[in-house]
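Printed here is target_10.cif (mmCIF, C-alpha atoms and all ligand atoms):
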data_query
#
loop_
_atom_site.label_atom_id
_atom_site.label_comp_id
_atom_site.auth_asym_id
_atom_site.auth_seq_id
_atom_site.Cartn_x
_atom_site.Cartn_y
_atom_site.Cartn_z
CA MET A 1 -28.11 0.20 22.63
CA GLY A 2 -30.51 2.54 20.80
CA ASP A 3 -29.30 3.64 17.43
CA ILE A 4 -25.61 3.15 18.20
CA ILE A 5 -23.78 0.82 15.84
CA TYR A 6 -21.14 -0.84 17.95
CA LEU A 7 -18.16 -2.15 15.98
CA ASP A 8 -15.49 -2.36 18.65
CA HIS A 9 -15.99 -5.87 20.05
CA ALA A 10 -12.23 -6.51 20.23
CA ALA A 11 -12.05 -3.72 22.82
CA THR A 12 -14.97 -5.00 24.84
CA THR A 13 -18.32 -6.68 24.28
CA PRO A 14 -21.69 -5.72 25.75
CA LEU A 15 -22.82 -7.82 28.69
CA ASP A 16 -25.25 -10.51 27.54
CA PRO A 17 -28.57 -10.01 29.38
CA GLU A 18 -28.55 -13.70 30.40
CA VAL A 19 -25.11 -13.17 31.94
CA LEU A 20 -26.38 -10.21 33.93
CA ASP A 21 -29.36 -12.26 35.16
CA ALA A 22 -27.02 -15.02 36.32
CA MET A 23 -24.80 -12.51 38.16
CA LEU A 24 -27.40 -10.38 39.92
CA PRO A 25 -28.34 -12.81 42.75
CA PHE A 26 -24.65 -12.97 43.69
CA MET A 27 -24.58 -9.19 44.05
CA LYS A 28 -27.72 -9.19 46.16
CA GLU A 29 -29.00 -11.94 48.41
CA LYS A 30 -26.32 -14.55 47.59
CA PHE A 31 -23.47 -12.38 48.82
CA GLY A 32 -21.58 -15.01 50.81
CA SER A 33 -17.85 -15.61 50.49
CA ALA A 34 -16.93 -18.70 48.53
CA SER A 35 -14.41 -19.50 51.28
CA ALA A 36 -17.05 -19.48 54.06
CA ILE A 37 -18.17 -23.01 53.43
CA TYR A 38 -19.25 -23.67 57.01
CA TYR A 39 -22.73 -22.23 56.27
CA SER A 40 -25.03 -22.57 53.29
CA LEU A 41 -24.69 -18.97 52.05
CA GLY A 42 -20.99 -19.60 51.57
CA HIS A 43 -21.60 -23.05 50.14
CA GLU A 44 -23.84 -21.61 47.49
CA ALA A 45 -21.14 -19.16 46.44
CA ARG A 46 -18.49 -21.91 46.40
CA ASP A 47 -20.74 -24.17 44.29
CA ALA A 48 -21.33 -21.34 41.81
CA VAL A 49 -17.59 -20.67 41.50
CA GLU A 50 -16.88 -24.37 40.96
CA GLU A 51 -19.66 -24.65 38.38
CA ALA A 52 -18.08 -21.77 36.46
CA ARG A 53 -14.71 -23.50 36.67
CA VAL A 54 -16.20 -26.63 35.11
CA SER A 55 -17.76 -24.55 32.31
CA VAL A 56 -14.50 -22.76 31.49
CA ALA A 57 -12.57 -26.04 31.56
CA ARG A 58 -15.07 -27.70 29.23
CA LEU A 59 -14.87 -24.94 26.65
CA ILE A 60 -11.08 -25.28 26.34
CA ASN A 61 -10.95 -29.06 26.89
CA ALA A 62 -9.07 -28.80 30.19
CA GLN A 63 -9.63 -30.23 33.67
CA PRO A 64 -11.44 -27.95 36.15
CA GLU A 65 -8.45 -28.02 38.54
CA GLU A 66 -6.34 -26.53 35.74
CA VAL A 67 -8.47 -23.35 35.65
CA TYR A 68 -7.67 -20.40 37.96
CA PHE A 69 -9.82 -17.28 38.20
CA THR A 70 -8.09 -13.92 37.80
CA SER A 71 -9.07 -10.29 37.22
CA GLY A 72 -8.78 -10.61 33.43
CA GLY A 73 -6.50 -11.04 30.47
CA SER A 74 -3.77 -8.66 31.63
CA GLU A 75 -3.43 -10.40 34.97
CA SER A 76 -3.32 -13.84 33.36
CA ASP A 77 -0.66 -12.78 30.85
CA ASN A 78 1.42 -11.12 33.58
CA TRP A 79 1.10 -14.24 35.71
CA ALA A 80 2.31 -16.45 32.88
CA VAL A 81 5.40 -14.37 32.11
CA PHE A 82 6.44 -13.57 35.69
CA GLY A 83 5.27 -16.88 37.13
CA VAL A 84 7.23 -19.01 34.67
CA ALA A 85 10.25 -16.70 34.85
CA GLN A 86 10.35 -17.00 38.64
CA ALA A 87 9.74 -20.73 38.71
CA LYS A 88 12.38 -21.49 36.08
CA ALA A 89 15.05 -18.84 36.66
CA SER A 90 17.56 -21.45 37.77
CA LYS A 91 17.10 -23.35 34.49
CA GLY A 92 17.55 -20.43 32.11
CA LYS A 93 16.76 -16.77 31.50
CA HIS A 94 15.63 -16.59 27.89
CA ILE A 95 12.09 -15.91 26.66
CA ILE A 96 10.74 -15.99 23.11
CA THR A 97 7.75 -13.85 22.18
CA SER A 98 6.62 -11.81 19.18
CA LYS A 99 6.63 -8.13 18.28
CA ILE A 100 2.85 -8.08 17.97
CA GLU A 101 1.85 -9.39 21.40
CA HIS A 102 -0.52 -7.38 23.56
CA HIS A 103 1.18 -5.00 26.01
CA ALA A 104 0.06 -7.36 28.79
CA VAL A 105 2.77 -9.73 27.54
CA LEU A 106 5.28 -7.22 26.18
CA GLU A 107 5.53 -5.04 29.29
CA PRO A 108 6.38 -7.93 31.66
CA CYS A 109 8.99 -9.03 29.10
CA HIS A 110 10.48 -5.52 28.98
CA TRP A 111 10.64 -5.46 32.77
CA LEU A 112 12.41 -8.81 32.91
CA GLU A 113 14.93 -7.59 30.35
CA LYS A 114 15.83 -4.79 32.75
CA GLN A 115 16.47 -7.46 35.39
CA GLY A 116 18.96 -9.24 33.15
CA TRP A 117 16.75 -11.64 31.20
CA SER A 118 17.13 -11.91 27.48
CA VAL A 119 14.02 -11.75 25.32
CA THR A 120 13.70 -12.56 21.61
CA TYR A 121 10.90 -10.54 19.98
CA LEU A 122 10.16 -12.46 16.79
CA PRO A 123 9.30 -10.32 13.77
CA VAL A 124 6.20 -11.00 11.69
CA ASP A 125 5.61 -10.97 7.94
CA ALA A 126 3.42 -8.44 6.11
CA ASN A 127 0.28 -10.36 7.15
CA GLY A 128 1.28 -10.68 10.78
CA PHE A 129 2.53 -14.28 10.94
CA ILE A 130 5.59 -15.31 12.89
CA ASP A 131 7.95 -17.70 11.10
CA VAL A 132 7.87 -21.05 12.90
CA GLU A 133 11.36 -21.97 11.63
CA GLU A 134 12.74 -18.70 12.97
CA LEU A 135 11.13 -19.50 16.31
CA ARG A 136 12.72 -22.95 16.27
CA SER A 137 16.16 -21.55 15.59
CA SER A 138 15.77 -18.89 18.30
CA ILE A 139 15.53 -21.55 21.00
CA THR A 140 18.64 -21.89 23.16
CA ASP A 141 19.40 -24.11 26.13
CA GLN A 142 18.43 -21.08 28.25
CA THR A 143 14.89 -20.76 26.81
CA ILE A 144 12.27 -21.37 29.48
CA LEU A 145 9.19 -19.70 28.00
CA ILE A 146 7.62 -19.21 24.59
CA THR A 147 4.66 -16.82 24.62
CA ILE A 148 2.84 -16.26 21.33
CA MET A 149 -0.74 -15.05 21.05
CA HIS A 150 -3.45 -17.17 19.41
CA ALA A 151 -4.94 -14.29 17.44
CA ASN A 152 -3.98 -10.66 17.29
CA ASN A 153 -6.45 -8.13 18.71
CA GLU A 154 -5.71 -5.43 16.12
CA ILE A 155 -5.38 -7.25 12.82
CA GLY A 156 -7.08 -10.58 13.58
CA THR A 157 -4.28 -12.78 12.22
CA ILE A 158 -4.41 -16.28 13.71
CA GLU A 159 -0.94 -17.60 14.56
CA PRO A 160 0.14 -21.24 13.99
CA VAL A 161 -0.12 -22.07 17.70
CA GLU A 162 -0.47 -25.84 17.17
CA GLU A 163 2.92 -25.95 15.45
CA ILE A 164 4.47 -23.71 18.09
CA GLY A 165 3.04 -25.89 20.86
CA LYS A 166 4.51 -28.98 19.25
CA ILE A 167 7.99 -27.45 19.09
CA ALA A 168 7.76 -26.22 22.69
CA LYS A 169 6.67 -29.64 23.88
CA GLU A 170 9.51 -31.41 22.03
CA ARG A 171 11.99 -29.06 23.66
CA GLY A 172 10.39 -29.14 27.13
CA ILE A 173 9.70 -25.38 27.10
CA HIS A 174 6.64 -23.79 28.71
CA PHE A 175 4.27 -22.48 26.01
CA HIS A 176 1.87 -19.71 27.00
CA THR A 177 -0.69 -18.38 24.54
CA ASP A 178 -2.85 -15.28 24.89
CA THR A 179 -6.29 -16.51 23.83
CA VAL A 180 -8.15 -13.39 24.97
CA GLN A 181 -9.47 -12.74 21.44
CA THR A 182 -10.24 -16.36 20.59
CA VAL A 183 -11.83 -18.17 23.56
CA GLY A 184 -15.57 -18.13 23.02
CA HIS A 185 -15.21 -17.07 19.37
CA ILE A 186 -13.31 -19.87 17.65
CA PRO A 187 -12.45 -23.35 18.98
CA VAL A 188 -9.63 -23.38 21.53
CA ASP A 189 -8.45 -26.79 22.71
CA VAL A 190 -5.49 -26.87 25.10
CA ASN A 191 -4.61 -30.38 23.98
CA SER A 192 -4.45 -29.68 20.27
CA ILE A 193 -2.57 -26.42 20.90
CA ASN A 194 -0.25 -28.21 23.34
CA CYS A 195 -0.03 -25.13 25.52
CA ASP A 196 0.97 -25.11 29.17
CA SER A 197 -0.99 -21.99 29.98
CA LEU A 198 -3.46 -19.61 28.38
CA ALA A 199 -5.20 -16.35 29.21
CA ILE A 200 -8.96 -15.65 29.10
CA SER A 201 -10.89 -12.42 29.63
CA ALA A 202 -14.64 -12.42 30.33
CA HIS A 203 -15.44 -9.00 28.85
CA LYS A 204 -14.33 -10.12 25.38
CA LEU A 205 -17.03 -12.80 25.27
CA TYR A 206 -20.11 -10.94 26.51
CA GLY A 207 -19.16 -11.36 30.17
CA PRO A 208 -18.34 -8.72 32.78
CA LYS A 209 -15.20 -6.60 32.95
CA GLY A 210 -12.54 -7.24 35.57
CA VAL A 211 -12.67 -11.03 35.60
CA GLY A 212 -10.89 -13.69 33.62
CA ALA A 213 -9.13 -16.99 33.92
CA MET A 214 -5.80 -18.64 33.49
CA TYR A 215 -5.35 -22.22 32.41
CA ILE A 216 -2.23 -23.87 33.81
CA SER A 217 -1.68 -27.48 32.82
CA LYS A 218 -1.29 -29.96 35.64
CA GLY A 219 2.32 -30.18 36.80
CA SER A 220 3.47 -26.97 35.05
CA ARG A 221 5.85 -24.94 37.16
CA VAL A 222 4.41 -21.45 37.48
CA GLU A 223 5.09 -19.40 40.64
CA LYS A 224 2.14 -18.23 42.76
CA LEU A 225 0.68 -14.93 41.66
CA ILE A 226 -0.78 -13.50 44.87
CA ARG A 227 0.23 -14.79 48.29
CA GLY A 228 -2.38 -14.75 51.00
CA GLY A 229 -5.34 -17.00 51.67
CA GLY A 230 -5.79 -20.45 50.22
CA GLN A 231 -8.08 -19.49 47.33
CA GLU A 232 -7.37 -20.91 43.87
CA SER A 233 -5.22 -23.71 45.32
CA SER A 234 -3.15 -21.05 47.14
CA ARG A 235 -1.79 -19.79 43.81
CA ARG A 236 -3.92 -16.67 43.44
CA ALA A 237 -5.13 -15.52 46.86
CA GLY A 238 -8.02 -13.17 47.54
CA THR A 239 -11.75 -13.44 48.24
CA HIS A 240 -13.41 -14.58 45.04
CA ASN A 241 -15.21 -12.14 42.77
CA VAL A 242 -18.18 -14.50 42.87
CA ALA A 243 -20.59 -12.48 40.72
CA GLY A 244 -17.88 -11.88 38.13
CA ILE A 245 -16.86 -15.52 38.05
CA VAL A 246 -20.51 -16.59 37.72
CA GLY A 247 -20.76 -14.11 34.83
CA LEU A 248 -17.73 -15.61 33.15
CA GLY A 249 -19.14 -19.11 33.63
CA LYS A 250 -22.46 -18.11 32.08
CA ALA A 251 -20.75 -16.29 29.21
CA VAL A 252 -18.68 -19.37 28.47
CA LYS A 253 -21.77 -21.61 28.53
CA LEU A 254 -23.53 -19.30 26.09
CA ALA A 255 -20.44 -19.19 23.88
CA GLU A 256 -20.35 -22.97 23.74
CA LYS A 257 -23.86 -22.95 22.27
CA GLN A 258 -23.63 -19.83 20.11
CA MET A 259 -20.00 -19.75 18.95
CA ALA A 260 -20.34 -21.59 15.65
CA GLU A 261 -23.39 -19.58 14.62
CA GLU A 262 -21.80 -16.30 15.69
CA ALA A 263 -18.60 -17.07 13.77
CA GLU A 264 -20.58 -17.95 10.66
CA LYS A 265 -22.57 -14.71 10.90
CA THR A 266 -19.65 -12.40 11.65
CA THR A 267 -17.57 -13.99 8.89
CA ARG A 268 -20.34 -13.19 6.43
CA LEU A 269 -20.64 -9.60 7.66
CA ARG A 270 -16.86 -9.22 7.82
CA ASP A 271 -16.43 -10.33 4.23
CA ALA A 272 -19.23 -8.05 3.05
CA LEU A 273 -17.62 -5.13 4.86
CA ILE A 274 -14.17 -5.87 3.43
CA ALA A 275 -15.53 -6.26 -0.10
CA GLY A 276 -17.65 -3.12 0.26
CA VAL A 277 -14.75 -0.97 1.46
CA GLU A 278 -12.42 -2.28 -1.23
CA SER A 279 -14.93 -1.65 -4.00
CA ARG A 280 -15.97 1.84 -2.85
CA ILE A 281 -12.75 3.38 -1.57
CA GLN A 282 -9.43 3.64 -3.39
CA ASP A 283 -5.96 3.42 -1.87
CA VAL A 284 -6.82 1.15 1.02
CA ARG A 285 -4.82 -1.71 2.49
CA LEU A 286 -6.38 -4.59 4.40
CA ASN A 287 -4.22 -5.21 7.45
CA GLY A 288 -3.88 -8.83 8.58
CA ASP A 289 -4.30 -12.07 6.69
CA ARG A 290 -7.34 -12.52 4.47
CA VAL A 291 -7.90 -16.17 5.34
CA LYS A 292 -6.36 -17.02 8.71
CA ARG A 293 -8.23 -14.19 10.32
CA LEU A 294 -10.62 -13.81 13.25
CA PRO A 295 -14.20 -14.05 11.99
CA ASN A 296 -15.06 -10.62 13.38
CA ASN A 297 -12.01 -8.52 12.45
CA VAL A 298 -11.75 -5.83 9.77
CA ASN A 299 -8.71 -3.54 9.76
CA PHE A 300 -7.88 -1.13 6.95
CA SER A 301 -5.28 1.56 6.43
CA PHE A 302 -6.54 4.47 4.33
CA GLU A 303 -3.89 6.40 2.45
CA ALA A 304 -3.47 10.00 3.68
CA VAL A 305 -6.24 9.91 6.28
CA GLU A 306 -5.91 10.30 10.06
CA GLY A 307 -7.42 7.46 12.10
CA GLU A 308 -8.51 9.82 14.88
CA SER A 309 -10.47 12.01 12.47
CA MET A 310 -12.21 8.98 10.98
CA ILE A 311 -13.22 7.75 14.44
CA LEU A 312 -14.63 11.14 15.41
CA MET A 313 -16.59 11.48 12.17
CA MET A 314 -17.93 7.93 12.43
CA ASP A 315 -19.11 8.73 15.96
CA GLN A 316 -20.50 12.22 15.33
CA PRO A 317 -23.08 12.41 13.91
CA ASN A 318 -23.27 8.77 12.80
CA ARG A 319 -22.97 7.06 16.21
CA ILE A 320 -20.78 4.28 14.83
CA CYS A 321 -18.15 3.08 17.34
CA VAL A 322 -14.86 1.98 15.76
CA SER A 323 -11.21 2.11 16.73
CA SER A 324 -7.81 2.81 15.24
CA GLY A 325 -4.19 1.89 15.70
CA SER A 326 -3.40 5.56 15.74
CA ALA A 327 -2.14 7.54 18.68
CA CYS A 328 -5.22 8.76 20.48
CA THR A 329 -6.95 5.40 20.84
CA SER A 330 -3.87 3.57 22.01
CA GLU A 331 -3.36 6.04 24.89
CA SER A 332 0.15 6.78 23.68
CA LEU A 333 1.72 9.04 21.11
CA ASP A 334 3.18 6.15 19.14
CA PRO A 335 1.39 4.44 16.30
CA SER A 336 0.36 0.83 16.84
CA HIS A 337 3.36 -1.47 17.41
CA VAL A 338 1.41 -4.19 15.60
CA LEU A 339 0.93 -2.19 12.40
CA MET A 340 4.55 -1.00 12.51
CA ALA A 341 5.68 -4.64 12.84
CA LEU A 342 3.83 -5.41 9.58
CA GLY A 343 6.16 -2.92 7.90
CA LEU A 344 3.64 -0.10 7.51
CA ARG A 345 4.83 3.49 7.34
CA HIS A 346 3.89 5.78 10.27
CA GLU A 347 1.21 7.52 8.18
CA GLN A 348 -0.32 4.17 7.21
CA ALA A 349 -0.44 3.06 10.83
CA HIS A 350 -2.00 6.39 11.81
CA GLY A 351 -4.54 6.01 9.01
CA SER A 352 -5.91 2.69 10.21
CA LEU A 353 -9.44 1.86 11.19
CA ARG A 354 -10.44 -1.30 13.04
CA MET A 355 -14.03 -2.53 12.97
CA THR A 356 -14.73 -5.64 15.04
CA LEU A 357 -18.11 -7.28 14.77
CA GLY A 358 -20.29 -9.04 17.31
CA LYS A 359 -23.35 -11.21 17.58
CA ASP A 360 -25.79 -8.29 17.55
CA ASN A 361 -24.48 -6.73 14.34
CA THR A 362 -26.62 -6.96 11.23
CA GLU A 363 -26.44 -6.49 7.47
CA ALA A 364 -28.08 -3.10 7.99
CA HIS A 365 -25.13 -2.03 10.17
CA ILE A 366 -22.68 -2.96 7.41
CA GLU A 367 -24.74 -1.08 4.84
CA ARG A 368 -24.78 1.98 7.09
CA VAL A 369 -20.98 1.89 7.45
CA LEU A 370 -20.59 1.50 3.70
CA ASP A 371 -22.94 4.47 3.22
CA VAL A 372 -21.00 6.85 5.45
CA LEU A 373 -17.36 5.75 5.36
CA PRO A 374 -16.54 6.59 1.72
CA GLY A 375 -17.79 10.16 2.20
CA ILE A 376 -15.76 10.59 5.40
CA VAL A 377 -12.59 9.33 3.73
CA GLN A 378 -13.19 11.56 0.71
CA ARG A 379 -13.75 14.67 2.87
CA LEU A 380 -10.63 14.01 4.90
CA ARG A 381 -8.58 13.41 1.78
CA GLU A 382 -9.79 16.65 0.25
CA MET A 383 -8.37 18.43 3.29
CA SER A 384 -5.12 16.46 3.27
CA PRO A 385 -2.02 17.88 1.56
CA LEU A 386 -0.61 14.36 1.73
CA TYR A 387 -3.26 12.89 -0.54
CA SER A 388 -2.89 15.41 -3.32
CA GLN A 389 0.89 14.90 -3.14
CA SER A 390 0.57 11.15 -3.40
CA ARG A 391 -1.72 11.38 -6.48
C1 LIG A 401 -4.98 -9.98 23.03
C2 LIG A 401 -5.29 -9.34 24.34
N1 LIG A 401 -4.62 -9.72 25.43
C3 LIG A 401 -4.88 -9.19 26.65
C4 LIG A 401 -5.84 -8.24 26.81
C5 LIG A 401 -6.09 -7.68 28.18
O1 LIG A 401 -7.31 -8.17 28.70
P1 LIG A 401 -8.06 -7.44 29.91
O2 LIG A 401 -8.70 -6.22 29.35
O3 LIG A 401 -9.05 -8.44 30.40
O4 LIG A 401 -7.03 -7.14 30.94
C6 LIG A 401 -6.55 -7.78 25.69
C7 LIG A 401 -7.55 -6.69 25.83
O5 LIG A 401 -7.57 -5.76 25.06
C8 LIG A 401 -6.29 -8.37 24.43
O6 LIG A 401 -6.95 -7.99 23.34
#
Translate the structure of the given file into structure tokens.
Amino acid sequence: MGDIIYLDHAATTPLDPEVLDAMLPFMKEKFGSASAIYYSLGHEARDAVEEARVSVARLINAQPEEVYFTSGGSESDNWAVFGVAQAKASKGKHIITSKIEHHAVLEPCHWLEKQGWSVTYLPVDANGFIDVEELRSSITDQTILITIMHANNEIGTIEPVEEIGKIAKERGIHFHTDTVQTVGHIPVDVNSINCDSLAISAHKLYGPKGVGAMYISKGSRVEKLIRGGGQESSRRAGTHNVAGIVGLGKAVKLAEKQMAEEAEKTTRLRDALIAGVESRIQDVRLNGDRVKRLPNNVNFSFEAVEGESMILMMDQPNRICVSSGSACTSESLDPSHVLMALGLRHEQAHGSLRMTLGKDNTEAHIERVLDVLPGIVQRLREMSPLYSQSR
């Protein structure tokens, strides 16, 4: 990646070269359809898809027949919300989720509300945690789905999913968890979480974009997603994206081997970055919990500074890629719903900077950020009427 310092791994990760090598034959000579099992070209594709299924299942401690390939995290989350809602509509029409879920969960919930469903959006505390007791007391005899993410993509807070899963199980309610930011980075075990479904996205763990997976526990009632051919046990029809699925399988295998080491390294770099920012720049707020936090996530709000301006100045001329919960990066005019749910003021949400680390980041990258960021913040504050006012 030349001299670029890439610190936006929560948005997407680079493709691991070993993943690319595993995929290429399935884009060239091994082009057969995984459904055409009457000749060897098709067989080969089918075997590769099934091998990937075994790898994904192993990483999350599931059975291979509980893993379904999809086009990514958004599709898996949509499938969970709509699929459970459709399958269980006759039992009840109440869903519990949180205010800080990804839009891939929130938007399907909003749509269902328009169709007459009721949805409880649990608030979070200042560090981003939902209150498990509040969740328990929100359950009614109409509740058919609880969907709470494992870890938040903006602030890195890790939710108490084991406790939530236990409550859902006791009450016989389907529990879906969005594990897009955790699978391949920290341990995810469907049995200890007690979830009925979870969402995976390949491009967040050094795999290709446009492919992912959905775990659905055996016997869980979730309506089919795409009707058509018999692929994916007739629940998600369509000719398999064989190269993509092979890429996901390889990425998952690599993650199994490298995850602990990567987490140890990114935690070290993360903590150095947090400490460095806090010691060199005044009037900053670390967003998200300090302890129960993704190993690779750093998210700060800088008083009286615009997130967009920081991103641009980090990129040009420094070639450091970061992101923000401010308007321009979220493709909407509103500040991040996650930061607002923490209780931040609009200006604080707009003044946020997210830096998410990956396996190729080094101490030198952190030093470089700590060299340039204080100057950028200072320059922007000098131009800001807000900062002089708040002094
Ligand atoms: C927590 C979370 N859920 C879902 C998604 C959507 O995943 P995909 O890009 O594979 O559709 C993302 C991606 O940003 C995410 O961070």
Using only C-alpha atoms and all ligand atoms, find each residue of chain A with at least one atom at most 6 Å away from an atom of ligand LIG 401 (chain A); report its shortest atom-to-atom pair and that distance in Å (one decimal), sort the rows by chain and rising residue number, and return the result as a Markdown table.
| residue | atom | partner | partner_atom | distance |
| --- | --- | --- | --- | --- |
| A:Ala11 | CA | A:LIG401 | O5 | 5.4 |
| A:Gly72 | CA | A:LIG401 | O3 | 3.7 |
| A:Gly73 | CA | A:LIG401 | O1 | 3.5 |
| A:Ser74 | CA | A:LIG401 | O4 | 3.7 |
| A:His102 | CA | A:LIG401 | N1 | 5.1 |
| A:Ala104 | CA | A:LIG401 | C3 | 5.7 |
| A:Asn152 | CA | A:LIG401 | C1 | 5.9 |
| A:Asn153 | CA | A:LIG401 | O6 | 4.7 |
| A:Asp178 | CA | A:LIG401 | N1 | 5.9 |
| A:Val180 | CA | A:LIG401 | C2 | 5.0 |
| A:Gln181 | CA | A:LIG401 | C1 | 5.5 |
| A:Ser201 | CA | A:LIG401 | O3 | 4.5 |
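Of the listed residues A:Thr140, A:Thr179, A:Thr120, A:Thr12, the one whose atoms come nearest to A:Ile60 is A:Thr179, with distances taken using only C-alpha atoms.
Atom pair atom CA of A:Glu382 / atom CA of A:Asn297 has a distance of 28.1 Å (rounded to one decimal).
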So, counting only C-alpha atoms, which residue among A:Gln258, A:Thr356, A:Ser76, A:Gln378 is closest to A:Met310?
-> A:Gln378
Give as a PyMOL selection string each residue that has an atom at most 12 Å from (10.1, -14.7, 29.7) in the file, counting only C-alpha atoms.
-> chain A and resi 77-89+92-98+105-121+142-148+173-176+222
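Distances from A:Ser234, A:Thr182, A:Gln316, A:Asn61 to A:Tyr215 were compared using all atoms listed in the file, and the smallest one belongs to A:Asn61.
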If you count only C-alpha atoms, the residue of A:Ala48, A:Ala349, A:Ala213, A:Ala202 closest to A:Val284 turns out to be A:Ala349
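Atom CA of A:His337 is positioned 6.7 Å from atom CA of A:Ile100.
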Interatomic distance between atom CA of A:Gly219 and atom CA of A:Ser138?
-> 25.5 Å
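The nearest approach to A:Ser279 among the residues A:Ser197, A:Leu370, A:Glu162, A:Tyr387, with all atoms listed in the file taken into account, belongs to A:Leu370.
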Of the listed residues A:Ala304, A:Ile158, A:Val298, A:Val56, that which approaches A:Gly212 most closely, counting all atoms listed in the file | A:Val56
Hey, can you pull every residue with an atom no more than 8 Å from (-8.7, 10.2, 13.8), using only C-alpha atoms, and send it as a PyMOL selection string?
-> chain A and resi 305-312+324+326+328+350-351
Starting from the incomplete input, reconstruct N, CA and C atoms of stretch 293-310 of chain A and report them as an mmCIF file, in the coordinates of the input.
data_model
loop_
_atom_site.group_PDB
_atom_site.id
_atom_site.type_symbol
_atom_site.label_atom_id
_atom_site.label_comp_id
_atom_site.auth_asym_id
_atom_site.auth_seq_id
_atom_site.Cartn_x
_atom_site.Cartn_y
_atom_site.Cartn_z
ATOM 1 N N ARG A 293 -7.847 -15.452 9.717
ATOM 2 C CA ARG A 293 -8.230 -14.190 10.320
ATOM 3 C C ARG A 293 -9.413 -14.420 11.258
ATOM 4 N N LEU A 294 -9.469 -13.699 12.363
ATOM 5 C CA LEU A 294 -10.620 -13.810 13.250
ATOM 6 C C LEU A 294 -11.899 -13.501 12.478
ATOM 7 N N PRO A 295 -12.970 -14.240 12.749
ATOM 8 C CA PRO A 295 -14.200 -14.050 11.990
ATOM 9 C C PRO A 295 -14.768 -12.636 12.094
ATOM 10 N N ASN A 296 -14.393 -11.915 13.166
ATOM 11 C CA ASN A 296 -15.060 -10.620 13.380
ATOM 12 C C ASN A 296 -14.179 -9.416 13.070
ATOM 13 N N ASN A 297 -12.965 -9.637 12.544
ATOM 14 C CA ASN A 297 -12.010 -8.520 12.450
ATOM 15 C C ASN A 297 -11.888 -7.922 11.055
ATOM 16 N N VAL A 298 -12.016 -6.589 11.000
ATOM 17 C CA VAL A 298 -11.750 -5.830 9.770
ATOM 18 C C VAL A 298 -10.781 -4.713 10.151
ATOM 19 N N ASN A 299 -9.662 -4.611 9.455
ATOM 20 C CA ASN A 299 -8.710 -3.540 9.760
ATOM 21 C C ASN A 299 -8.116 -3.019 8.462
ATOM 22 N N PHE A 300 -8.376 -1.753 8.187
ATOM 23 C CA PHE A 300 -7.880 -1.130 6.950
ATOM 24 C C PHE A 300 -6.971 0.044 7.282
ATOM 25 N N SER A 301 -5.972 0.277 6.415
ATOM 26 C CA SER A 301 -5.280 1.560 6.430
ATOM 27 C C SER A 301 -5.741 2.336 5.200
ATOM 28 N N PHE A 302 -6.088 3.595 5.418
ATOM 29 C CA PHE A 302 -6.540 4.470 4.330
ATOM 30 C C PHE A 302 -5.438 5.468 4.052
ATOM 31 N N GLU A 303 -4.972 5.485 2.830
ATOM 32 C CA GLU A 303 -3.890 6.400 2.450
ATOM 33 C C GLU A 303 -4.271 7.844 2.767
ATOM 34 N N ALA A 304 -3.355 8.549 3.446
ATOM 35 C CA ALA A 304 -3.470 10.000 3.680
ATOM 36 C C ALA A 304 -4.691 10.416 4.502
ATOM 37 N N VAL A 305 -5.119 9.551 5.409
ATOM 38 C CA VAL A 305 -6.240 9.910 6.280
ATOM 39 C C VAL A 305 -5.828 9.624 7.720
ATOM 40 N N GLU A 306 -6.233 10.492 8.639
ATOM 41 C CA GLU A 306 -5.910 10.300 10.060
ATOM 42 C C GLU A 306 -6.970 9.419 10.721
ATOM 43 N N GLY A 307 -6.502 8.371 11.412
ATOM 44 C CA GLY A 307 -7.420 7.460 12.100
ATOM 45 C C GLY A 307 -8.325 8.178 13.088
ATOM 46 N N GLU A 308 -7.731 9.103 13.868
ATOM 47 C CA GLU A 308 -8.510 9.820 14.880
ATOM 48 C C GLU A 308 -9.694 10.560 14.246
ATOM 49 N N SER A 309 -9.407 11.228 13.113
ATOM 50 C CA SER A 309 -10.470 12.010 12.470
ATOM 51 C C SER A 309 -11.580 11.076 11.978
ATOM 52 N N MET A 310 -11.181 9.922 11.454
ATOM 53 C CA MET A 310 -12.210 8.980 10.980
ATOM 54 C C MET A 310 -13.091 8.524 12.146
#
